[in-house]
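A.B. asks: This one is data.txt, compact mmCIF, C-alpha atoms.
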```
# COMPACT_ATOMS: atom_id res chain seq x y z
CA MET A 1 25.35 -6.16 -16.65
CA GLY A 2 24.62 -7.88 -13.32
CA ILE A 3 21.53 -5.75 -12.67
CA LEU A 4 20.15 -6.37 -16.16
CA LEU A 5 20.57 -10.13 -15.68
CA ILE A 6 18.66 -9.99 -12.39
CA LYS A 7 15.93 -7.96 -14.05
CA LYS A 8 15.59 -10.65 -16.73
CA LEU A 9 15.44 -13.41 -14.08
CA LEU A 10 12.73 -11.59 -12.15
CA ARG A 11 10.61 -11.23 -15.29
CA GLU A 12 10.88 -14.96 -15.92
CA TYR A 13 10.35 -15.96 -12.27
CA PRO A 14 7.98 -13.35 -10.78
CA ASP A 15 7.06 -15.52 -7.78
CA ILE A 16 10.54 -15.37 -6.22
CA SER A 17 9.95 -14.58 -2.55
CA CYS A 18 13.42 -13.18 -1.89
CA LEU A 19 16.22 -11.74 -3.95
CA TYR A 20 19.98 -12.15 -3.62
CA VAL A 21 21.70 -9.49 -5.71
CA LEU A 22 25.36 -9.32 -6.66
CA ILE A 23 26.29 -6.00 -8.24
CA SER A 24 29.54 -6.86 -9.92
CA THR A 25 30.59 -3.29 -10.69
CA ARG A 26 30.69 -2.39 -6.98
CA LYS A 27 31.64 -5.81 -5.56
CA THR A 28 28.76 -5.51 -3.13
CA PHE A 29 25.65 -7.53 -2.51
CA SER A 30 22.32 -7.25 -0.77
CA PHE A 31 19.50 -9.49 0.29
CA VAL A 32 15.87 -8.41 -0.03
CA HIS A 33 13.05 -10.20 1.72
CA VAL A 34 9.79 -9.75 -0.18
CA SER A 35 6.88 -9.35 2.21
CA THR A 36 3.57 -7.61 1.56
CA ALA A 37 2.17 -4.20 2.47
CA TYR A 38 -0.56 -6.06 4.36
CA ALA A 39 1.78 -8.18 6.53
CA ASN A 40 0.82 -6.04 9.50
CA CYS A 41 -2.79 -5.40 8.53
CA LEU A 42 -3.93 -5.22 12.16
CA GLN A 43 -2.05 -1.90 12.37
CA ASN A 44 -3.29 1.37 10.93
CA PRO A 45 -1.37 3.38 9.86
CA ILE A 46 1.25 0.94 8.58
CA GLU A 47 4.70 2.51 8.77
CA GLU A 48 8.05 1.40 7.34
CA LYS A 49 9.08 -0.32 10.55
CA PHE A 50 8.84 -3.67 12.34
CA TYR A 51 5.77 -4.71 14.30
CA ASP A 52 5.35 -7.49 16.84
CA PRO A 53 4.51 -10.82 15.14
CA PRO A 54 1.48 -12.91 16.15
CA MET A 55 3.85 -15.65 17.38
CA ASP A 56 7.57 -16.14 17.87
CA ALA A 57 9.03 -17.72 14.72
CA ASP A 58 10.92 -20.53 16.49
CA LYS A 59 7.84 -21.53 18.49
CA PHE A 60 5.73 -21.38 15.34
CA ILE A 61 8.13 -23.67 13.42
CA ASP A 62 8.29 -26.12 16.35
CA LEU A 63 4.49 -26.20 16.46
CA MET A 64 4.22 -26.86 12.71
CA ASP A 65 6.78 -29.69 12.96
CA SER A 66 5.11 -31.37 15.92
CA ILE A 67 1.52 -31.81 14.71
CA ASP A 68 -0.03 -33.54 11.72
CA GLU A 69 -1.80 -31.74 8.88
CA LYS A 70 -5.34 -32.64 9.97
CA LEU A 71 -4.82 -31.32 13.49
CA LEU A 72 -3.20 -28.21 12.04
CA ASP A 73 -6.33 -27.56 9.95
CA ASP A 74 -8.46 -27.92 13.08
CA ILE A 75 -6.46 -25.46 15.19
CA THR A 76 -5.81 -22.89 12.45
CA PRO A 77 -8.84 -20.70 13.37
CA GLN A 78 -7.62 -20.57 17.00
CA LEU A 79 -4.08 -19.73 15.89
CA LEU A 80 -5.27 -16.96 13.59
CA GLY A 81 -7.48 -15.26 16.13
CA ILE A 82 -8.31 -11.83 14.67
CA TRP A 83 -5.88 -12.23 11.74
CA PRO A 84 -7.81 -12.48 8.44
CA ASN A 85 -5.84 -15.35 6.85
CA THR A 86 -2.71 -17.49 7.05
CA TYR A 87 -0.97 -15.51 4.29
CA VAL A 88 -0.58 -12.25 6.21
CA TYR A 89 -0.11 -14.18 9.48
CA THR A 90 2.98 -16.01 8.20
CA LYS A 91 4.27 -12.94 6.35
CA SER A 92 4.33 -11.06 9.65
CA ILE A 93 6.25 -13.89 11.32
CA ALA A 94 8.71 -14.06 8.39
CA GLU A 95 9.54 -10.35 8.72
CA ASN A 96 10.60 -10.91 12.27
CA VAL A 97 12.77 -13.87 11.28
CA VAL A 98 14.69 -11.36 9.14
CA LYS A 99 14.95 -8.96 12.08
CA LYS A 100 16.10 -11.70 14.44
CA HIS A 101 18.79 -13.25 12.23
CA ALA A 102 19.97 -10.36 10.06
CA ASP A 103 23.14 -9.58 12.05
CA LEU A 104 25.36 -7.43 9.81
CA ILE A 105 24.09 -8.80 6.48
CA PRO A 106 23.11 -5.97 4.09
CA ILE A 107 19.44 -6.88 4.15
CA GLY A 108 16.10 -5.13 3.79
CA ILE A 109 12.39 -5.80 3.55
CA PHE A 110 10.30 -4.89 0.51
CA ARG A 111 6.53 -4.61 1.03
CA PRO A 112 4.58 -4.30 -2.23
CA GLY A 113 0.86 -3.58 -2.39
CA ILE A 114 -1.54 -5.78 -4.38
CA VAL A 115 0.31 -6.79 -7.53
CA ILE A 116 -1.77 -6.52 -10.72
CA PRO A 117 -0.94 -7.07 -14.44
CA THR A 118 2.14 -5.39 -15.90
CA TYR A 119 2.19 -1.92 -17.39
CA ARG A 120 4.90 -2.25 -20.07
CA GLU A 121 7.28 -5.17 -19.43
CA PRO A 122 7.78 -7.86 -20.62
CA ILE A 123 4.54 -7.06 -22.47
CA CYS A 124 1.53 -4.95 -21.57
CA GLY A 125 -0.99 -6.64 -19.30
CA TRP A 126 0.99 -9.80 -18.51
CA ILE A 127 -0.28 -11.78 -15.51
CA ASN A 128 -0.05 -15.44 -14.50
CA ASN A 129 -2.54 -15.93 -11.66
CA MET A 130 -6.20 -15.29 -10.83
CA TYR A 131 -5.76 -14.24 -7.22
CA GLY A 132 -7.55 -11.28 -5.67
CA LEU A 133 -8.66 -8.40 -7.86
CA VAL A 134 -7.59 -10.13 -11.08
CA GLY A 135 -9.92 -13.05 -10.33
CA VAL A 136 -12.78 -10.68 -9.53
CA THR A 137 -12.20 -8.78 -12.79
CA ALA A 138 -12.10 -12.01 -14.80
CA GLY A 139 -15.29 -13.29 -13.12
CA GLY A 140 -17.08 -10.01 -13.78
CA ALA A 141 -16.03 -9.99 -17.44
CA MET A 142 -17.37 -13.53 -17.90
CA GLY A 143 -20.71 -12.54 -16.38
CA LEU A 144 -20.20 -14.92 -13.46
CA ILE A 145 -19.60 -12.41 -10.66
CA ARG A 146 -22.28 -9.72 -10.41
CA THR A 147 -21.77 -8.52 -6.85
CA ASN A 148 -18.66 -8.05 -4.71
CA HIS A 149 -18.64 -7.13 -1.03
CA CYS A 150 -16.52 -4.00 -1.29
CA ASP A 151 -16.59 -0.35 -0.27
CA GLY A 152 -16.00 1.31 -3.63
CA SER A 153 -15.09 4.67 -2.08
CA MET A 154 -12.01 3.26 -0.33
CA LYS A 155 -8.51 3.59 -1.76
CA VAL A 156 -6.83 0.33 -2.77
CA SER A 157 -3.06 -0.04 -2.92
CA VAL A 158 -2.42 -1.74 -6.27
CA VAL A 159 0.94 -1.83 -8.08
CA PRO A 160 1.68 -3.18 -11.60
CA GLY A 161 3.92 -6.23 -11.73
CA ASP A 162 6.75 -4.75 -13.81
CA LEU A 163 6.97 -1.60 -11.68
CA THR A 164 7.11 -3.85 -8.62
CA THR A 165 9.98 -5.87 -10.10
CA ASN A 166 11.90 -2.70 -10.92
CA ALA A 167 11.24 -1.33 -7.43
CA LEU A 168 12.58 -4.56 -5.95
CA ILE A 169 15.84 -4.17 -7.89
CA VAL A 170 16.12 -0.51 -6.90
CA SER A 171 15.63 -1.49 -3.24
CA ALA A 172 18.44 -4.05 -3.54
CA TRP A 173 20.71 -1.34 -4.99
CA ASP A 174 19.91 1.05 -2.13
CA ILE A 175 20.58 -1.60 0.52
CA ALA A 176 23.90 -2.56 -1.07
CA ASN A 177 25.08 1.04 -1.19
CA ASN A 178 23.91 2.12 2.25
CA ARG A 179 25.21 -0.34 4.84
CA ARG A 180 23.37 -0.11 8.15
CA SER A 181 23.64 -1.79 11.52
CA SER A 182 21.44 -4.77 12.39
CA GLU A 183 19.17 -2.37 14.27
CA GLN A 184 18.53 -0.29 11.13
CA ILE A 185 17.15 -2.79 8.62
CA PRO A 186 15.43 -0.71 5.93
CA ILE A 187 11.80 -1.43 5.11
CA TYR A 188 10.21 -0.12 1.91
CA ASN A 189 6.43 0.21 1.63
CA TYR A 190 5.87 0.10 -2.12
CA VAL A 191 2.27 1.30 -2.45
CA SER A 192 0.13 3.62 -4.56
CA LYS A 193 -0.36 6.20 -1.81
CA ASP A 194 1.07 9.04 -3.94
CA ASN A 195 -1.11 8.10 -6.91
CA PRO A 196 -4.29 6.82 -5.24
CA ILE A 197 -7.11 4.91 -6.87
CA THR A 198 -10.36 3.70 -5.31
CA PHE A 199 -12.08 0.36 -5.80
CA GLU A 200 -14.86 2.08 -7.72
CA GLU A 201 -12.43 3.85 -10.05
CA LEU A 202 -10.66 0.55 -10.64
CA LYS A 203 -13.99 -1.09 -11.50
CA ASP A 204 -15.10 1.74 -13.80
CA MET A 205 -11.81 1.94 -15.72
CA SER A 206 -11.68 -1.85 -16.06
CA ALA A 207 -15.21 -1.87 -17.49
CA LYS A 208 -14.53 1.10 -19.76
CA TYR A 209 -11.87 -0.75 -21.73
CA MET A 210 -13.20 -4.27 -21.16
CA LEU A 211 -16.31 -3.49 -23.22
CA SER A 212 -14.10 -2.78 -26.24
CA VAL A 213 -12.34 -6.16 -26.01
CA PRO A 214 -15.01 -8.51 -24.57
CA THR A 215 -14.09 -12.12 -23.99
CA ASN A 216 -15.51 -14.96 -26.03
CA GLU A 217 -15.58 -16.98 -22.79
CA ALA A 218 -18.41 -14.86 -21.34
CA ILE A 219 -21.55 -16.73 -20.29
CA TRP A 220 -23.59 -13.59 -19.62
CA TYR A 221 -23.37 -9.84 -20.15
CA TYR A 222 -21.26 -7.72 -17.77
CA SER A 223 -23.33 -6.59 -14.79
CA PHE A 224 -20.95 -6.07 -11.88
CA ARG A 225 -21.31 -3.88 -8.79
CA ASN A 226 -19.36 -3.17 -5.62
CA THR A 227 -21.70 -3.56 -2.65
CA LYS A 228 -20.67 -1.85 0.57
CA TYR A 229 -23.21 -3.33 2.98
CA ARG A 230 -23.08 -7.06 3.67
CA PRO A 231 -26.88 -7.66 3.98
CA ILE A 232 -27.42 -6.10 0.54
CA HIS A 233 -24.48 -8.09 -0.85
CA LEU A 234 -26.01 -11.32 0.50
CA PHE A 235 -29.36 -10.43 -1.09
CA TYR A 236 -27.65 -9.84 -4.44
CA THR A 237 -25.72 -13.10 -3.99
CA CYS A 238 -28.94 -15.06 -3.54
CA PHE A 239 -30.83 -13.28 -6.32
CA LEU A 240 -28.06 -12.77 -8.90
CA HIS A 241 -25.82 -15.78 -8.23
CA LEU A 242 -27.51 -18.66 -6.45
CA LEU A 243 -31.01 -18.44 -7.97
CA PRO A 244 -29.82 -18.40 -11.63
CA ALA A 245 -27.26 -21.12 -10.82
CA PHE A 246 -29.96 -23.32 -9.25
CA ILE A 247 -32.27 -22.91 -12.25
CA ILE A 248 -29.51 -23.63 -14.78
CA ASP A 249 -28.22 -26.63 -12.82
CA MET A 250 -31.76 -28.07 -12.64
CA ILE A 251 -32.07 -27.67 -16.40
CA ALA A 252 -28.70 -29.41 -16.80
CA LEU A 253 -29.87 -32.32 -14.65
CA CYS A 254 -33.04 -32.65 -16.71
CA MET A 255 -30.86 -32.82 -19.83
CA ILE A 256 -28.67 -35.47 -18.14
CA LYS A 257 -25.71 -33.10 -17.96
CA GLN A 258 -23.33 -32.39 -15.12
CA PRO A 259 -24.48 -29.39 -12.99
CA ARG A 260 -21.60 -27.01 -12.32
CA LEU A 261 -22.73 -23.48 -11.50
CA LEU A 262 -23.65 -23.98 -7.84
CA LYS A 263 -20.20 -25.46 -7.16
CA ILE A 264 -18.56 -22.52 -8.94
CA TYR A 265 -20.58 -20.00 -6.91
CA ASN A 266 -19.72 -21.83 -3.71
CA LYS A 267 -16.02 -21.26 -4.48
CA ILE A 268 -16.71 -17.63 -5.40
CA TYR A 269 -18.57 -17.10 -2.12
CA LYS A 270 -15.70 -18.56 -0.06
CA THR A 271 -13.16 -16.40 -1.90
CA SER A 272 -15.33 -13.32 -1.40
CA ASN A 273 -15.44 -13.96 2.35
CA ILE A 274 -11.64 -14.08 2.43
CA LEU A 275 -11.23 -10.89 0.39
CA CYS A 276 -13.91 -8.78 2.10
CA TYR A 277 -11.59 -7.94 5.02
CA PHE A 278 -9.33 -6.16 2.52
CA THR A 279 -12.09 -4.66 0.37
CA THR A 280 -13.97 -3.06 3.26
CA THR A 281 -10.98 -1.63 5.16
CA GLU A 282 -8.73 1.25 4.16
CA TRP A 283 -5.14 1.48 5.39
CA ASP A 284 -2.91 4.52 5.63
CA PHE A 285 0.56 3.45 4.47
CA THR A 286 3.63 5.59 5.03
CA ASN A 287 6.34 5.42 2.35
CA LYS A 288 8.84 8.10 3.35
CA ARG A 289 11.88 5.81 2.95
CA TRP A 290 10.72 4.69 -0.50
CA ASN A 291 10.26 8.29 -1.66
CA GLU A 292 13.73 9.17 -0.37
CA LEU A 293 15.09 6.29 -2.45
CA THR A 294 13.41 7.42 -5.68
CA ARG A 295 15.03 10.84 -5.31
CA LYS A 296 18.46 9.15 -5.46
CA LEU A 297 17.82 7.75 -8.94
CA THR A 298 19.24 9.42 -12.00
CA THR A 299 17.02 10.26 -14.98
CA GLU A 300 18.45 7.28 -16.83
CA ASP A 301 17.80 4.95 -13.88
CA ARG A 302 14.23 6.18 -13.55
CA GLU A 303 13.58 5.30 -17.19
CA LEU A 304 15.42 1.97 -17.21
CA PHE A 305 13.91 0.86 -13.90
CA PHE A 306 10.57 2.63 -14.12
CA CYS A 307 9.01 2.20 -10.68
CA ASP A 308 7.77 5.58 -9.44
CA MET A 309 4.01 5.21 -8.93
CA LYS A 310 3.62 8.98 -9.15
CA ASP A 311 4.51 8.80 -12.86
CA LEU A 312 1.92 6.12 -13.67
CA VAL A 313 -1.17 7.30 -15.59
CA TRP A 314 -4.01 5.02 -14.51
CA ASP A 315 -6.15 5.63 -17.56
CA SER A 316 -3.28 4.59 -19.84
CA TYR A 317 -2.60 1.56 -17.69
CA PHE A 318 -6.18 0.28 -17.81
CA GLN A 319 -6.23 0.36 -21.61
CA THR A 320 -4.35 -2.95 -21.53
CA TYR A 321 -5.29 -4.23 -18.05
CA PHE A 322 -8.23 -6.40 -19.12
CA LEU A 323 -6.66 -7.31 -22.44
CA GLY A 324 -3.91 -9.02 -20.47
CA ILE A 325 -6.43 -10.87 -18.32
CA ARG A 326 -8.33 -11.91 -21.46
CA ILE A 327 -5.24 -13.34 -23.15
CA PHE A 328 -3.18 -14.75 -20.26
CA ILE A 329 -5.83 -15.78 -17.72
CA LEU A 330 -8.92 -16.60 -19.77
CA LYS A 331 -6.71 -17.98 -22.57
CA ASP A 332 -8.84 -16.12 -25.11
CA PRO A 333 -6.60 -14.95 -28.01
CA ILE A 334 -7.22 -11.62 -29.66
CA LEU A 335 -8.13 -13.45 -32.88
CA THR A 336 -11.52 -14.31 -31.36
CA LEU A 337 -12.44 -10.63 -30.92
CA PRO A 338 -14.85 -10.39 -33.94
CA GLU A 339 -16.67 -13.49 -32.74
CA ALA A 340 -16.67 -12.15 -29.17
CA HIS A 341 -18.30 -8.86 -30.30
CA ILE A 342 -21.15 -10.79 -31.96
CA LYS A 343 -21.66 -12.90 -28.85
CA TRP A 344 -21.44 -9.80 -26.64
CA ARG A 345 -24.26 -8.05 -28.54
CA ARG A 346 -26.42 -11.16 -28.26
CA LEU A 347 -25.75 -11.38 -24.50
CA TYR A 348 -26.55 -7.67 -24.13
CA TRP A 349 -30.03 -8.04 -25.65
CA MET A 350 -30.66 -11.22 -23.65
CA HIS A 351 -29.70 -9.29 -20.53
CA GLN A 352 -32.04 -6.42 -21.36
CA ALA A 353 -34.88 -8.82 -22.20
CA LEU A 354 -34.44 -10.64 -18.90
CA LYS A 355 -34.56 -7.35 -16.98
CA LEU A 356 -37.78 -6.43 -18.82
CA ILE A 357 -39.37 -9.80 -18.01
CA ILE A 358 -38.43 -9.50 -14.32
CA ALA A 359 -39.83 -5.95 -14.19
CA CYS A 360 -43.10 -7.11 -15.78
CA VAL A 361 -43.43 -10.03 -13.36
CA PHE A 362 -42.78 -7.69 -10.44
CA LEU A 363 -45.43 -5.23 -11.67
CA ILE A 364 -47.98 -8.02 -12.18
CA ILE A 365 -47.38 -9.38 -8.67
CA THR A 366 -47.53 -5.89 -7.16
CA ARG A 367 -50.78 -5.11 -9.02
CA ALA A 368 -52.34 -8.41 -7.92
CA MET A 369 -51.43 -7.77 -4.27
CA PHE A 370 -52.75 -4.20 -4.49
CA CYS A 371 -56.05 -5.36 -6.01
CA ARG A 372 -56.46 -7.99 -3.30
CA LEU A 373 -56.01 -5.37 -0.59
CA LEU A 374 -58.74 -3.29 -2.16
```
For this file, produce the structure as structure tokens.
C.D. replies:
Amino acid sequence: MGILLIKKLLREYPDISCLYVLISTRKTFSFVHVSTAYANCLQNPIEEKFYDPPMDADKFIDLMDSIDEKLLDDITPQLLGIWPNTYVYTKSIAENVVKKHADLIPIGIFRPGIVIPTYREPICGWINNMYGLVGVTAGGAMGLIRTNHCDGSMKVSVVPGDLTTNALIVSAWDIANNRRSSEQIPIYNYVSKDNPITFEELKDMSAKYMLSVPTNEAIWYYSFRNTKYRPIHLFYTCFLHLLPAFIIDMIALCMIKQPRLLKIYNKIYKTSNILCYFTTTEWDFTNKRWNELTRKLTTEDRELFFCDMKDLVWDSYFQTYFLGIRIFILKDPILTLPEAHIKWRRLYWMHQALKLIIACVFLIITRAMFCRLL
């Protein structure tokens, strides 16, 4: 009963950063610190063990308490150094707080990969934020994002939200039933290593099922690509993002309307720069301890707390992946689907017509230049 209650709480409050579990049937408890698989992203491979933090936790807290927010913003780049962002920087420090103060508490660290919409629970495709890959998928579906700086051939460690929640509970159970000394704090890398998927496969499967349930919020037809090389990505950004945005914003100004697209693309560009570290690097995660844990589960446990990534069928998962983003992120109910299909066909032919016009203009310019040379 206690475990089922915790499972319900985690569904309702998925952003809980740590979990205190009381298993009433065994009169035992455990504490799980939720980190991230990328907390030690400067390492490769990333094993289920502790790594040295970028700064001692006590010194870091003293520093944060002793300076004002403006000065903190100014010194953040110097503090980060080669770390890609403050999120993984502070996650690494937090792990070592656990190591330093654990003593004999039954405690462990759970490191999930990139959490994406749910597979089955509480409903298929549920998600409540636009961070990371979900935001990129939503932007691509709306026709806003047409290029992403990403090496499509690289494996990405993504894990559905409900499987992650179940894995968190299973980790708590394992910690509670296997007391260790303070020097043996278990760390679980919960990643998709045993059922890998690449960025390109993720894009293709998303698009495959997205085209059957297009969003009525789209402003242009889907035309998204992963671009490995930064110079090419910047060219696409200028030609496919900034140039159309500039033209549309100028038209808006002429019609005495508020220009918006350039501001939107400025935000997209900043986000892309943050994400590119993770979309152009591939990590080798080890998950031996996690696999040992899954072998302890009974058949009933494996079904009730479904969390083994090896049993996940990606093609089945992606049948509802974008539908969840459409409903819960874009706030576009399924009732608008007939209207969305009509709009989608219109956007498709507009897209094809624009490509034809651009090709004709290019041929005319090329012919004129060739004639002048002759």
A.B. asks: Please, which residues are within 12 Å of (-29.0, -7.4, -11.6) by the file's coordinates, counting all atoms listed in the file, and could they come as a list in words?
C.D. replies: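 Here is the list of nearby residues: Gly143, Leu144, Ile145, Arg146, Thr147, Trp220, Tyr221, Tyr222, Ser223, Phe224, Arg225, His233, Phe235, Tyr236, Thr237, Cys238, Phe239, Leu240, His241, Leu243, Pro244, His351, Gln352, Leu354, Lys355, Leu356, Ile358 and Ala359 of chain A.
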A.B. asks: With a distance cut-off of 8 Å and only C-alpha atoms, select the neighbouring residues of region 187-197 of chain A, excluding the residue or stretch itself and same-chain residues fewer than 5 positions from it, and output the selection as an mmCIF file with C-alpha atoms, in the coordinates of the input.
C.D. replies:
```
data_model
loop_
_atom_site.group_PDB
_atom_site.id
_atom_site.type_symbol
_atom_site.label_atom_id
_atom_site.label_comp_id
_atom_site.auth_asym_id
_atom_site.auth_seq_id
_atom_site.Cartn_x
_atom_site.Cartn_y
_atom_site.Cartn_z
ATOM 1 C CA ALA A 37 2.170 -4.200 2.470
ATOM 2 C CA GLU A 47 4.700 2.510 8.770
ATOM 3 C CA GLU A 48 8.050 1.400 7.340
ATOM 4 C CA LYS A 49 9.080 -0.320 10.550
ATOM 5 C CA GLY A 108 16.100 -5.130 3.790
ATOM 6 C CA ILE A 109 12.390 -5.800 3.550
ATOM 7 C CA PHE A 110 10.300 -4.890 0.510
ATOM 8 C CA ARG A 111 6.530 -4.610 1.030
ATOM 9 C CA PRO A 112 4.580 -4.300 -2.230
ATOM 10 C CA GLY A 113 0.860 -3.580 -2.390
ATOM 11 C CA LYS A 155 -8.510 3.590 -1.760
ATOM 12 C CA VAL A 156 -6.830 0.330 -2.770
ATOM 13 C CA SER A 157 -3.060 -0.040 -2.920
ATOM 14 C CA VAL A 158 -2.420 -1.740 -6.270
ATOM 15 C CA VAL A 159 0.940 -1.830 -8.080
ATOM 16 C CA THR A 164 7.110 -3.850 -8.620
ATOM 17 C CA ALA A 167 11.240 -1.330 -7.430
ATOM 18 C CA SER A 171 15.630 -1.490 -3.240
ATOM 19 C CA LEU A 202 -10.660 0.550 -10.640
ATOM 20 C CA PHE A 285 0.560 3.450 4.470
ATOM 21 C CA THR A 286 3.630 5.590 5.030
ATOM 22 C CA ASN A 287 6.340 5.420 2.350
ATOM 23 C CA ARG A 289 11.880 5.810 2.950
ATOM 24 C CA TRP A 290 10.720 4.690 -0.500
ATOM 25 C CA MET A 309 4.010 5.210 -8.930
ATOM 26 C CA LYS A 310 3.620 8.980 -9.150
ATOM 27 C CA LEU A 312 1.920 6.120 -13.670
#
```
A.B. asks: Which of these residues is nearest to Ile327 (chain A), using all atoms listed in the file: A:Asp52, A:Arg345, A:Pro117, A:Thr86?
C.D. replies: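 Residue with the minimum atom-to-atom distance to Ile327 (chain A): A:Pro117.
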A.B. asks: For Ala172 (chain A), please output as a PyMOL selection string all residues within 7 Å (counting all atoms listed in the file; exclusion window: fewer than 2 positions along the same chain).
C.D. replies: chain A and resi 21+30-32+168-170+174-176
A.B. asks: Take the residues just selected and output them with C-alpha atoms as a short mmCIF file (atom, residue, chain, number, x, y, z; two decimals), in the coordinates of the input.
C.D. replies:
```
data_model
loop_
_atom_site.label_atom_id
_atom_site.label_comp_id
_atom_site.auth_asym_id
_atom_site.auth_seq_id
_atom_site.Cartn_x
_atom_site.Cartn_y
_atom_site.Cartn_z
CA VAL A 21 21.70 -9.49 -5.71
CA SER A 30 22.32 -7.25 -0.77
CA PHE A 31 19.50 -9.49 0.29
CA VAL A 32 15.87 -8.41 -0.03
CA LEU A 168 12.58 -4.56 -5.95
CA ILE A 169 15.84 -4.17 -7.89
CA VAL A 170 16.12 -0.51 -6.90
CA ASP A 174 19.91 1.05 -2.13
CA ILE A 175 20.58 -1.60 0.52
CA ALA A 176 23.90 -2.56 -1.07
#
```
A.B. asks: So what do you get for CA of Lys100 (chain A) versus CA of Asp58 (chain A), distance-wise?
C.D. replies: 10.4 Å
A.B. asks: Would you pick out the contacts of Ala138 (chain A) at 8 Å or less, using only C-alpha atoms, so that residues sharing its chain but fewer than 4 positions from it are not included, and give the list as a PyMOL selection string?
C.D. replies: chain A and resi 130+134+142+325-326+329-330
A.B. asks: Which region 184-246 of chain A residues have any atom within 7 Å of an atom of region 260-263 of chain A, and for each, what is the nearest pair of atoms with distance in Å to one decimal, counting only C-alpha atoms, rows sorted by chain and number, as a Markdown table?
C.D. replies:
```
| residue | atom | partner | partner_atom | distance |
| --- | --- | --- | --- | --- |
| A:Leu242 | CA | A:Leu262 | CA | 6.7 |
| A:Ala245 | CA | A:Leu261 | CA | 5.2 |
| A:Phe246 | CA | A:Leu262 | CA | 6.5 |
```
A.B. asks: May I ask which of the residues A:Val88, A:Ile232, A:Ile248, A:Ile93 is the closest one to Phe60 (chain A), counting all atoms listed in the file?
C.D. replies: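 When distances to Phe60 (chain A) are compared using all atoms listed in the file, the smallest one comes from A:Ile93.
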A.B. asks: Could you check the closest approach to Phe29 (chain A) for each of A:Ile256, A:Ile342, A:Ala102, A:Ile107 and tell me which residue wins, using only C-alpha atoms?
C.D. replies: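 Closest residue, counting only C-alpha atoms: A:Ile107.
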